[in-house]
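work-v3.csv (CSV, C-alpha atoms) appears below.
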chain,number,residue,atom,x,y,z
A,17,MET,CA,25.5,0.9,4.6
A,18,THR,CA,25.2,-1.4,7.6
A,19,ASP,CA,24.0,-5.0,7.6
A,20,GLY,CA,20.4,-5.4,8.6
A,21,ARG,CA,19.2,-2.2,6.9
A,22,LEU,CA,15.4,-2.1,7.1
A,23,GLY,CA,12.9,-1.2,4.4
A,24,LEU,CA,9.2,-0.3,4.9
A,25,VAL,CA,6.5,-1.4,2.4
A,26,LEU,CA,2.9,-0.1,2.9
A,27,ASN,CA,-0.3,-0.9,1.0
A,28,PRO,CA,-2.4,2.2,1.8
A,29,ARG,CA,-5.5,0.7,0.4
A,30,GLY,CA,-5.5,-2.3,2.6
A,31,HIS,CA,-8.8,-2.6,4.4
A,32,MET,CA,-7.5,-2.3,7.9
A,33,VAL,CA,-5.0,0.4,7.0
A,34,ALA,CA,-7.8,2.5,5.4
A,35,ARG,CA,-10.0,2.0,8.4
A,36,LYS,CA,-7.5,2.4,11.3
A,37,GLY,CA,-4.6,4.2,9.8
A,38,SER,CA,-1.1,3.1,9.0
A,39,VAL,CA,1.6,2.2,11.6
A,40,LEU,CA,4.3,2.3,8.9
A,41,GLU,CA,3.3,5.8,7.7
A,42,THR,CA,4.0,7.0,11.2
A,43,ALA,CA,7.2,4.9,11.4
A,44,ALA,CA,8.5,6.4,8.2
A,45,GLN,CA,8.3,9.9,9.8
A,46,ALA,CA,10.0,8.6,13.0
A,47,LEU,CA,12.7,6.8,11.0
A,48,PRO,CA,13.6,9.2,8.2
A,49,GLY,CA,16.7,7.3,7.0
A,50,VAL,CA,14.7,4.1,6.4
A,51,PRO,CA,13.6,3.5,2.8
A,52,PHE,CA,9.8,3.7,2.5
A,53,LEU,CA,7.7,2.3,-0.3
A,54,ARG,CA,4.1,3.3,-0.4
A,55,ILE,CA,2.4,1.1,-3.0
A,56,GLU,CA,0.1,3.4,-5.0
A,57,ASP,CA,0.1,1.0,-7.9
A,58,PHE,CA,1.2,-2.7,-7.7
A,59,SER,CA,2.7,-2.4,-11.2
A,60,GLU,CA,5.4,-0.2,-9.5
A,61,LEU,CA,6.2,-2.8,-6.8
A,62,SER,CA,9.0,-4.5,-8.7
A,63,THR,CA,10.8,-1.2,-9.3
A,64,GLY,CA,10.4,-0.1,-5.7
A,65,LEU,CA,11.7,-3.3,-4.3
A,66,ALA,CA,14.6,-3.4,-6.8
A,67,GLN,CA,15.7,0.0,-5.5
A,68,MET,CA,15.6,-1.4,-2.0
A,69,ALA,CA,17.7,-4.4,-3.1
A,70,ARG,CA,20.3,-2.0,-4.6
A,71,ALA,CA,20.3,0.0,-1.3
A,72,GLY,CA,21.3,-3.1,0.6
A,73,VAL,CA,18.0,-3.7,2.4
A,74,ASP,CA,17.7,-7.2,3.8
A,75,ARG,CA,14.9,-6.8,6.3
A,76,LEU,CA,11.4,-5.7,5.2
A,77,ALA,CA,8.4,-4.6,7.3
A,78,VAL,CA,5.2,-5.1,5.3
A,79,GLU,CA,1.8,-3.6,6.3
A,80,GLY,CA,-1.1,-5.0,4.3
A,81,GLY,CA,-3.2,-8.0,3.9
A,82,ASP,CA,-2.5,-11.5,2.4
A,83,GLY,CA,-2.5,-10.2,-1.2
A,84,THR,CA,0.1,-7.6,-0.3
A,85,VAL,CA,2.3,-10.2,1.5
A,86,LEU,CA,1.9,-12.5,-1.5
A,87,ALA,CA,3.0,-9.8,-3.9
A,88,VAL,CA,6.1,-8.8,-1.8
A,89,LEU,CA,7.2,-12.4,-1.3
A,90,SER,CA,6.8,-13.2,-5.0
A,91,HIS,CA,8.8,-10.2,-6.1
A,92,CYS,CA,11.5,-10.6,-3.5
A,93,MET,CA,12.1,-14.2,-4.6
A,94,ASP,CA,12.2,-13.3,-8.3
A,95,PRO,CA,15.9,-13.1,-9.2
A,96,ALA,CA,15.1,-10.1,-11.5
A,97,THR,CA,14.3,-8.0,-8.4
A,98,GLY,CA,17.9,-8.2,-7.4
A,99,PHE,CA,18.0,-9.4,-3.8
A,100,ALA,CA,21.2,-11.4,-3.1
A,101,ARG,CA,19.1,-13.4,-0.6
A,102,MET,CA,15.5,-13.4,0.5
A,103,PRO,CA,15.0,-10.6,3.0
A,104,ALA,CA,13.6,-11.3,6.4
A,105,LEU,CA,10.0,-10.1,6.6
A,106,SER,CA,8.1,-8.5,9.5
A,107,ILE,CA,4.4,-8.5,8.7
A,108,LEU,CA,1.9,-6.0,10.2
A,109,PRO,CA,-1.8,-6.7,9.7
A,110,GLY,CA,-3.4,-4.3,7.2
A,111,GLY,CA,-5.9,-6.2,5.0
A,112,SER,CA,-9.3,-7.8,5.1
A,113,THR,CA,-7.7,-11.2,5.6
A,114,ASN,CA,-4.4,-11.5,7.5
A,115,LEU,CA,-3.5,-15.2,7.5
A,116,ALA,CA,0.2,-14.6,7.0
A,117,TRP,CA,0.3,-12.2,9.9
A,118,GLU,CA,-1.7,-14.7,12.1
A,119,ALA,CA,0.8,-17.4,11.2
A,120,CYS,CA,4.1,-15.6,11.5
A,121,GLY,CA,3.6,-11.9,11.8
A,122,MET,CA,4.9,-9.2,14.2
A,123,MET,CA,3.8,-9.6,17.8
A,124,ARG,CA,1.1,-7.2,18.9
A,125,ARG,CA,2.4,-4.0,20.3
A,126,ASP,CA,1.1,-0.5,20.7
A,127,ARG,CA,2.1,2.0,18.0
A,128,ALA,CA,5.0,3.3,20.0
A,129,GLY,CA,6.2,-0.2,20.7
A,130,THR,CA,6.0,-1.2,17.1
A,131,ILE,CA,8.0,1.8,16.0
A,132,GLU,CA,10.7,1.0,18.6
A,133,ARG,CA,10.8,-2.6,17.3
A,134,LEU,CA,11.2,-1.3,13.8
A,135,ARG,CA,14.1,1.0,14.9
A,136,GLU,CA,15.7,-2.1,16.4
A,137,LEU,CA,15.3,-4.1,13.2
A,138,ASP,CA,17.0,-1.3,11.3
A,139,THR,CA,20.1,-1.1,13.6
A,140,ALA,CA,20.5,-4.3,15.6
A,141,ALA,CA,22.9,-7.0,14.3
A,142,ASP,CA,20.7,-9.6,16.0
A,143,PRO,CA,17.1,-9.1,14.8
A,144,GLY,CA,15.6,-10.8,17.9
A,145,PRO,CA,12.5,-13.0,18.0
A,146,ASN,CA,11.7,-14.7,14.7
A,147,VAL,CA,9.9,-17.7,13.3
A,148,ARG,CA,10.9,-19.8,10.2
A,149,GLN,CA,8.1,-20.9,7.9
A,150,ARG,CA,8.0,-22.4,4.4
A,151,ALA,CA,5.7,-21.0,1.8
A,152,LEU,CA,4.1,-22.4,-1.4
A,153,HIS,CA,6.1,-21.7,-4.6
A,154,VAL,CA,3.7,-21.9,-7.5
A,155,ALA,CA,5.3,-21.9,-10.9
A,156,CYS,CA,3.5,-21.8,-14.3
A,157,ALA,CA,4.7,-20.8,-17.8
A,158,HIS,CA,1.7,-18.4,-18.0
A,159,LEU,CA,2.7,-16.4,-14.9
A,160,PRO,CA,5.1,-13.5,-15.1
A,161,ARG,CA,6.9,-14.9,-12.0
A,162,ALA,CA,6.3,-17.6,-9.5
A,163,GLU,CA,3.7,-16.9,-6.9
A,164,VAL,CA,4.9,-17.3,-3.3
A,165,GLY,CA,2.2,-17.6,-0.7
A,166,PHE,CA,0.5,-19.7,1.9
A,167,LEU,CA,-2.9,-20.9,0.7
A,168,LEU,CA,-3.9,-22.2,-2.7
A,169,SER,CA,-7.5,-23.2,-3.5
A,170,THR,CA,-9.3,-24.6,-6.6
A,171,GLY,CA,-12.8,-25.2,-7.8
A,172,THR,CA,-15.7,-24.3,-5.6
A,173,LEU,CA,-13.5,-23.0,-2.8
A,174,ALA,CA,-11.8,-20.5,-5.1
A,175,ARG,CA,-15.2,-19.6,-6.6
A,176,ALA,CA,-16.7,-19.0,-3.2
A,177,MET,CA,-13.8,-16.9,-2.0
A,178,ARG,CA,-14.2,-14.6,-5.1
A,179,TYR,CA,-17.9,-14.4,-4.6
A,180,THR,CA,-17.4,-13.5,-0.9
A,181,GLN,CA,-15.0,-10.7,-1.9
A,182,ARG,CA,-17.5,-9.3,-4.4
A,183,ASN,CA,-20.8,-9.7,-2.6
A,184,PHE,CA,-20.2,-10.0,1.2
A,185,HIS,CA,-17.3,-7.6,1.7
A,186,GLY,CA,-19.0,-4.3,2.1
A,187,GLU,CA,-17.3,-1.4,3.9
A,188,GLY,CA,-16.6,-2.4,7.5
A,189,ARG,CA,-17.5,-6.0,6.8
A,190,ARG,CA,-14.2,-7.6,5.7
A,191,GLY,CA,-12.6,-9.3,8.7
A,192,ALA,CA,-12.2,-13.0,9.6
A,193,VAL,CA,-15.5,-13.0,11.4
A,194,ASP,CA,-17.3,-11.7,8.3
A,195,VAL,CA,-15.6,-14.3,6.2
A,196,ALA,CA,-16.9,-16.9,8.6
A,197,ARG,CA,-20.4,-15.4,8.4
A,198,ALA,CA,-20.2,-15.6,4.6
A,199,VAL,CA,-19.1,-19.3,4.8
A,200,ALA,CA,-22.0,-20.0,7.1
A,201,HIS,CA,-24.5,-18.5,4.6
A,202,PHE,CA,-23.0,-20.6,1.8
A,203,VAL,CA,-22.9,-23.8,3.8
A,204,LEU,CA,-26.6,-23.4,4.8
A,205,THR,CA,-27.9,-22.8,1.3
A,206,PRO,CA,-25.1,-23.7,-1.1
A,207,HIS,CA,-27.3,-24.1,-4.2
A,208,ARG,CA,-28.8,-20.6,-3.7
A,209,TYR,CA,-25.5,-18.9,-4.7
A,210,ARG,CA,-24.6,-18.4,-8.4
A,211,ASP,CA,-21.4,-17.3,-10.0
A,212,GLY,CA,-21.1,-14.5,-12.4
A,213,ASP,CA,-21.9,-16.9,-15.3
A,214,GLY,CA,-25.2,-17.9,-13.7
A,215,LEU,CA,-24.0,-21.4,-12.7
A,216,PRO,CA,-24.0,-22.6,-9.1
A,217,LEU,CA,-20.9,-21.9,-7.1
A,218,LEU,CA,-21.0,-25.5,-5.8
A,219,ARG,CA,-20.2,-27.5,-8.9
A,220,ALA,CA,-17.7,-29.9,-10.4
A,221,SER,CA,-14.6,-29.1,-12.3
A,222,ASP,CA,-11.9,-31.4,-13.6
A,223,LEU,CA,-8.6,-31.6,-11.7
A,224,ASP,CA,-5.6,-33.8,-12.6
A,225,ALA,CA,-2.9,-33.7,-9.9
A,226,VAL,CA,0.2,-35.7,-9.2
A,227,LEU,CA,1.5,-35.6,-5.6
A,228,ASP,CA,4.9,-37.1,-5.3
A,229,GLY,CA,3.8,-39.8,-7.8
A,230,ARG,CA,0.3,-40.3,-6.5
A,231,ALA,CA,-2.4,-39.3,-9.0
A,232,LEU,CA,-5.7,-37.6,-8.4
A,233,THR,CA,-7.8,-37.4,-11.5
A,234,GLY,CA,-11.4,-36.5,-12.6
A,235,SER,CA,-14.2,-34.3,-11.3
A,236,HIS,CA,-13.7,-32.6,-8.0
A,237,ALA,CA,-15.5,-30.1,-5.9
A,238,LEU,CA,-12.6,-28.3,-4.4
A,239,SER,CA,-9.0,-28.6,-3.2
A,240,LEU,CA,-6.8,-26.6,-0.9
A,241,MET,CA,-3.2,-26.7,-0.1
A,242,SER,CA,-0.9,-24.9,2.4
A,243,THR,CA,2.4,-25.1,4.2
A,244,LEU,CA,0.8,-23.7,7.4
A,245,PRO,CA,-0.1,-25.9,10.4
A,246,ARG,CA,-3.5,-24.1,10.7
A,247,LEU,CA,-5.6,-21.5,8.9
A,248,SER,CA,-7.7,-18.6,10.0
A,249,LEU,CA,-10.2,-19.2,12.8
A,250,GLY,CA,-7.8,-22.0,14.0
A,251,LEU,CA,-9.0,-24.4,11.3
A,252,ARG,CA,-7.0,-27.4,10.6
A,253,PRO,CA,-8.4,-28.9,7.4
A,254,PHE,CA,-5.4,-31.2,6.8
A,255,TRP,CA,-4.8,-34.6,8.2
A,256,GLY,CA,-2.5,-36.3,5.7
A,257,ALA,CA,0.3,-38.6,7.1
A,258,GLY,CA,4.0,-37.8,6.9
A,259,ASP,CA,6.2,-34.8,7.3
A,260,ALA,CA,6.3,-33.5,3.7
A,261,PRO,CA,5.9,-29.7,3.7
A,262,ILE,CA,2.8,-29.3,1.5
A,263,ALA,CA,-0.6,-30.3,3.0
A,264,LEU,CA,-3.4,-30.9,0.5
A,265,THR,CA,-7.1,-31.8,1.0
A,266,HIS,CA,-9.1,-32.9,-2.0
A,267,ALA,CA,-12.9,-33.2,-2.2
A,268,ALA,CA,-14.2,-35.5,-4.9
A,269,TRP,CA,-17.4,-34.7,-6.7
A,270,PRO,CA,-20.1,-34.9,-5.5
A,271,ILE,CA,-19.4,-34.1,-1.8
A,272,ARG,CA,-21.6,-36.5,0.1
A,273,GLY,CA,-23.4,-34.6,2.9
A,274,PHE,CA,-21.8,-31.3,2.1
A,275,ARG,CA,-23.2,-29.4,5.1
A,276,ARG,CA,-22.2,-32.1,7.6
A,277,ALA,CA,-18.7,-32.3,6.0
A,278,VAL,CA,-18.1,-28.6,6.3
A,279,LEU,CA,-19.5,-28.5,9.9
A,280,LYS,CA,-17.1,-31.2,10.9
A,281,ILE,CA,-14.2,-29.1,9.6
A,282,LEU,CA,-15.5,-26.0,11.4
A,283,LEU,CA,-15.8,-28.0,14.6
A,284,HIS,CA,-12.2,-29.3,14.2
A,285,ARG,CA,-13.4,-32.8,13.7
A,286,THR,CA,-11.1,-33.7,10.8
A,287,GLY,CA,-9.4,-36.9,10.0
A,288,PRO,CA,-9.7,-40.0,7.8
A,289,ALA,CA,-13.4,-40.5,8.7
A,290,LEU,CA,-14.1,-37.6,6.3
A,291,SER,CA,-13.5,-40.0,3.5
A,292,ARG,CA,-17.1,-41.0,3.8
A,293,HIS,CA,-17.9,-37.5,2.5
A,294,GLY,CA,-15.4,-37.8,-0.4
A,295,LEU,CA,-12.6,-35.8,1.3
A,296,THR,CA,-9.1,-37.1,1.5
A,297,SER,CA,-5.9,-35.4,2.7
A,298,TYR,CA,-2.3,-35.9,1.8
A,299,ARG,CA,1.2,-34.5,2.3
A,300,ALA,CA,3.7,-34.0,-0.5
A,301,GLY,CA,6.9,-32.3,-1.5
A,302,ARG,CA,5.8,-31.5,-5.0
A,303,VAL,CA,2.4,-31.2,-6.6
A,304,THR,CA,1.7,-30.8,-10.4
A,305,LEU,CA,-1.8,-30.0,-11.4
A,306,HIS,CA,-4.0,-29.2,-14.4
A,307,HIS,CA,-7.4,-27.6,-13.7
A,308,ASP,CA,-10.1,-26.4,-16.0
A,309,GLY,CA,-11.6,-24.1,-13.3
A,310,PRO,CA,-10.6,-21.3,-11.0
A,311,ILE,CA,-7.5,-21.1,-8.9
A,312,MET,CA,-6.7,-18.7,-6.1
A,313,ILE,CA,-3.7,-18.1,-3.9
A,314,ASP,CA,-4.0,-16.0,-0.8
A,315,GLY,CA,-7.2,-14.4,-2.1
A,316,GLU,CA,-5.8,-13.4,-5.4
A,317,TRP,CA,-7.2,-14.9,-8.7
A,318,LEU,CA,-4.7,-16.5,-11.0
A,319,SER,CA,-5.6,-15.6,-14.6
A,320,LEU,CA,-4.6,-18.8,-16.4
A,321,PRO,CA,-5.8,-20.6,-19.5
A,322,ALA,CA,-7.9,-23.7,-18.7
A,323,GLY,CA,-5.7,-26.7,-18.1
A,324,ALA,CA,-2.5,-24.8,-17.7
A,325,GLU,CA,0.2,-26.8,-15.8
A,326,LEU,CA,1.1,-25.5,-12.3
A,327,THR,CA,4.0,-26.9,-10.3
A,328,VAL,CA,3.7,-26.4,-6.6
A,329,THR,CA,6.7,-26.9,-4.3
A,330,ALA,CA,7.7,-25.5,-0.9
A,331,THR,CA,10.3,-22.8,-0.4
A,332,GLU,CA,13.1,-23.2,2.0
A,333,PRO,CA,12.2,-21.9,5.5
A,334,LEU,CA,11.8,-18.2,5.3
A,335,GLU,CA,12.6,-15.9,8.2
A,336,PHE,CA,9.8,-13.8,9.7
A,337,LEU,CA,10.7,-11.2,12.4
A,338,GLN,CA,8.4,-10.7,15.3
Would you put the structure from the file into C-alpha cells?
Amino acid sequence: MTDGRLGLVLNPRGHMVARKGSVLETAAQALPGVPFLRIEDFSELSTGLAQMARAGVDRLAVEGGDGTVLAVLSHCMDPATGFARMPALSILPGGSTNLAWEACGMMRRDRAGTIERLRELDTAADPGPNVRQRALHVACAHLPRAEVGFLLSTGTLARAMRYTQRNFHGEGRRGAVDVARAVAHFVLTPHRYRDGDGLPLLRASDLDAVLDGRALTGSHALSLMSTLPRLSLGLRPFWGAGDAPIALTHAAWPIRGFRRAVLKILLHRTGPALSRHGLTSYRAGRVTLHHDGPIMIDGEWLSLPAGAELTVTATEPLEFLQ
C-alpha cells in the first residue's frame, strides 16, 4: 500500500449533504479503491476509522458539519483508534454550520474538480496546497476520549446555541445566515427566551478558570475560546495580548449594556474598551476550568456532571489539505 492513501468519511445526515447531495458519495464510485466510511451511526465511527488506520490511510476527506469534523478529529487523535500519526484532513462542507471548513477546508471547486483533487490526494506523494492549524484539546475524566475541535463555549452562549438548534433550525433554515438571524432575535429581546427548565437563557452560572496561572472566578454570563483567528461571519471576538495559542473571552455577570456589547462584537468593534461591559479577553497555553452550567464544543453538548474539571490545551499544528 502506497504512502498517502486516502480515506473518505461521509455524514449522510449532515444538513447540507441531505439538501444538496454528497460529493464524497460520487467520489467513492469514481475512486473504487479508496476506503469509504458512510457514518450511519456515530457509535460505529471508532471501528470504521480503526479499519482505515490498519489499512494505512493517512489522508482523510471528511464531508459533514462541525460536529462531524469534531468527531473525526477526536477519534483520530485517540491512540486507541490506531493511527501512527494524525492523518491530514481535507474538509468538505456538509453541515448546518461549517466553521472548520471556513477556516481550513478544501478550496471551492465544482464536483468534477473536487473528485480530481481527491484522486490526486490518493496518489500524489506531495499533497499540494495545505494549511496548518491548531485545535482545542479538551480533556476530562468524564469523557470517553479528549474532544478535539475549534470553538468551546460556556454559560449563556452554550445555552443559546442549543436553543437555536432546537427552535430556530427548521428544514432549510440552518445556515450561517440563519444562525445570525437567531442571534439577532436573542440580542433584541434576550429575556424573552427561556430554556427547557423555564429559566431565562441569559442568566449567571459559576465558572472557575485558571489561564496559565491567572484565575477567573465567580458568576459569569458566558465564555468562549478558540484557536482560530476568526469565527463564522468574520467575527473576531478575541483581543487578548500575546501569542499563546488559545484565545478566550469572558463575560462577567451581569453584562452591562448587553445589546450594545453584542452589537459592538457584530460590528467588529472589539478591544479593551469592552471591559466597560464586563468583557475581558486573554490568550493562554493551558486553561483549567470548573463550570456548574452547560458547555458546548463545535455545536455538540458535553454531558458532564456540574463542576467537572476540564483541561483545555492546544494541539500541535494539524495539516489540512485544500
Range 231-243 of chain A: which residues within 6 Å, counting all atoms listed in the file, same-chain residues fewer than 6 positions away excluded, as a PDB file with C-alpha atoms, keeping the file's coordinate frame?
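Dumped to result_17.pdb:
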ATOM      1  CA  ALA A 151       5.700 -21.000   1.800  1.00  0.00           C
ATOM      2  CA  PHE A 166       0.500 -19.700   1.900  1.00  0.00           C
ATOM      3  CA  LEU A 167      -2.900 -20.900   0.700  1.00  0.00           C
ATOM      4  CA  LEU A 168      -3.900 -22.200  -2.700  1.00  0.00           C
ATOM      5  CA  SER A 169      -7.500 -23.200  -3.500  1.00  0.00           C
ATOM      6  CA  THR A 170      -9.300 -24.600  -6.600  1.00  0.00           C
ATOM      7  CA  GLY A 171     -12.800 -25.200  -7.800  1.00  0.00           C
ATOM      8  CA  THR A 172     -15.700 -24.300  -5.600  1.00  0.00           C
ATOM      9  CA  LEU A 173     -13.500 -23.000  -2.800  1.00  0.00           C
ATOM     10  CA  ALA A 220     -17.700 -29.900 -10.400  1.00  0.00           C
ATOM     11  CA  SER A 221     -14.600 -29.100 -12.300  1.00  0.00           C
ATOM     12  CA  ASP A 222     -11.900 -31.400 -13.600  1.00  0.00           C
ATOM     13  CA  LEU A 223      -8.600 -31.600 -11.700  1.00  0.00           C
ATOM     14  CA  ASP A 224      -5.600 -33.800 -12.600  1.00  0.00           C
ATOM     15  CA  ALA A 225      -2.900 -33.700  -9.900  1.00  0.00           C
ATOM     16  CA  PRO A 261       5.900 -29.700   3.700  1.00  0.00           C
ATOM     17  CA  ILE A 262       2.800 -29.300   1.500  1.00  0.00           C
ATOM     18  CA  ALA A 263      -0.600 -30.300   3.000  1.00  0.00           C
ATOM     19  CA  LEU A 264      -3.400 -30.900   0.500  1.00  0.00           C
ATOM     20  CA  THR A 265      -7.100 -31.800   1.000  1.00  0.00           C
ATOM     21  CA  HIS A 266      -9.100 -32.900  -2.000  1.00  0.00           C
ATOM     22  CA  ALA A 267     -12.900 -33.200  -2.200  1.00  0.00           C
ATOM     23  CA  ALA A 268     -14.200 -35.500  -4.900  1.00  0.00           C
ATOM     24  CA  TRP A 269     -17.400 -34.700  -6.700  1.00  0.00           C
TER      25      TRP A 269
END
**OP:** Do a neighbour search on Leu251 in chain A at 12 Å with all atoms listed in the file, toss out local chain neighbours closer than 2 positions, and write the hits as a PyMOL selection string.
**Re:** chain A and resi 115+192+196+244-249+253-255+278-286
Subject >> Counting all atoms listed in the file, the option among A:Ile131, A:Ala141, A:Arg54, A:Gly256 closest to Arg75 in chain A >> reply: A:Ala141
Original post:
For Ala200 in chain A, which of A:Arg230, A:Pro160, A:Ile107, A:Arg275 is the closest residue, counting only C-alpha atoms?
Top reply: A:Arg275
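Near His293 in chain A, within a cut-off of 9 Å and counting all atoms listed in the file, sit the residues Ala267, Ala268, Pro270, Ile271, Arg272, Gly273, Phe274, Arg276, Ala277 and Ala289 of chain A, with same-chain residues fewer than 4 positions away left out.
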Could you write out that same residue set with C-alpha atoms as an mmCIF file, in the frame of the given file?
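File part33.cif, as written:
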data_model
loop_
_atom_site.group_PDB
_atom_site.id
_atom_site.type_symbol
_atom_site.label_atom_id
_atom_site.label_comp_id
_atom_site.auth_asym_id
_atom_site.auth_seq_id
_atom_site.Cartn_x
_atom_site.Cartn_y
_atom_site.Cartn_z
ATOM 1 C CA ALA A 267 -12.900 -33.200 -2.200
ATOM 2 C CA ALA A 268 -14.200 -35.500 -4.900
ATOM 3 C CA PRO A 270 -20.100 -34.900 -5.500
ATOM 4 C CA ILE A 271 -19.400 -34.100 -1.800
ATOM 5 C CA ARG A 272 -21.600 -36.500 0.100
ATOM 6 C CA GLY A 273 -23.400 -34.600 2.900
ATOM 7 C CA PHE A 274 -21.800 -31.300 2.100
ATOM 8 C CA ARG A 276 -22.200 -32.100 7.600
ATOM 9 C CA ALA A 277 -18.700 -32.300 6.000
ATOM 10 C CA ALA A 289 -13.400 -40.500 8.700
#
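When CA of Pro216 in chain A is paired with CA of Arg252 in chain A, their separation reads 26.5 Å.
Considering only C-alpha atoms, the residue among A:Arg175, A:Arg292, A:Arg133, A:Arg302 positioned nearest to Leu215 in chain A is A:Arg175.
The gap separating CA of Gln149 in chain A from CA of Arg127 in chain A is 25.7 Å, in Å to one decimal.
Separating CA of Pro145 in chain A from CA of Ile313 in chain A is a distance of 27.7 Å.
Minimum distance to Asp314 in chain A across A:Pro143, A:Gly258, A:Gly83, A:Gly98 (counting all atoms listed in the file) occurs at A:Gly83.
The point (17.4, -5.4, -6.9) has these residues within 9 Å of it when only C-alpha atoms are used: Ser62, Thr63, Gly64, Leu65, Ala66, Gln67, Met68, Ala69, Arg70, Ala71, Gly72, Cys92, Pro95, Ala96, Thr97, Gly98, Phe99 and Ala100 of chain A.
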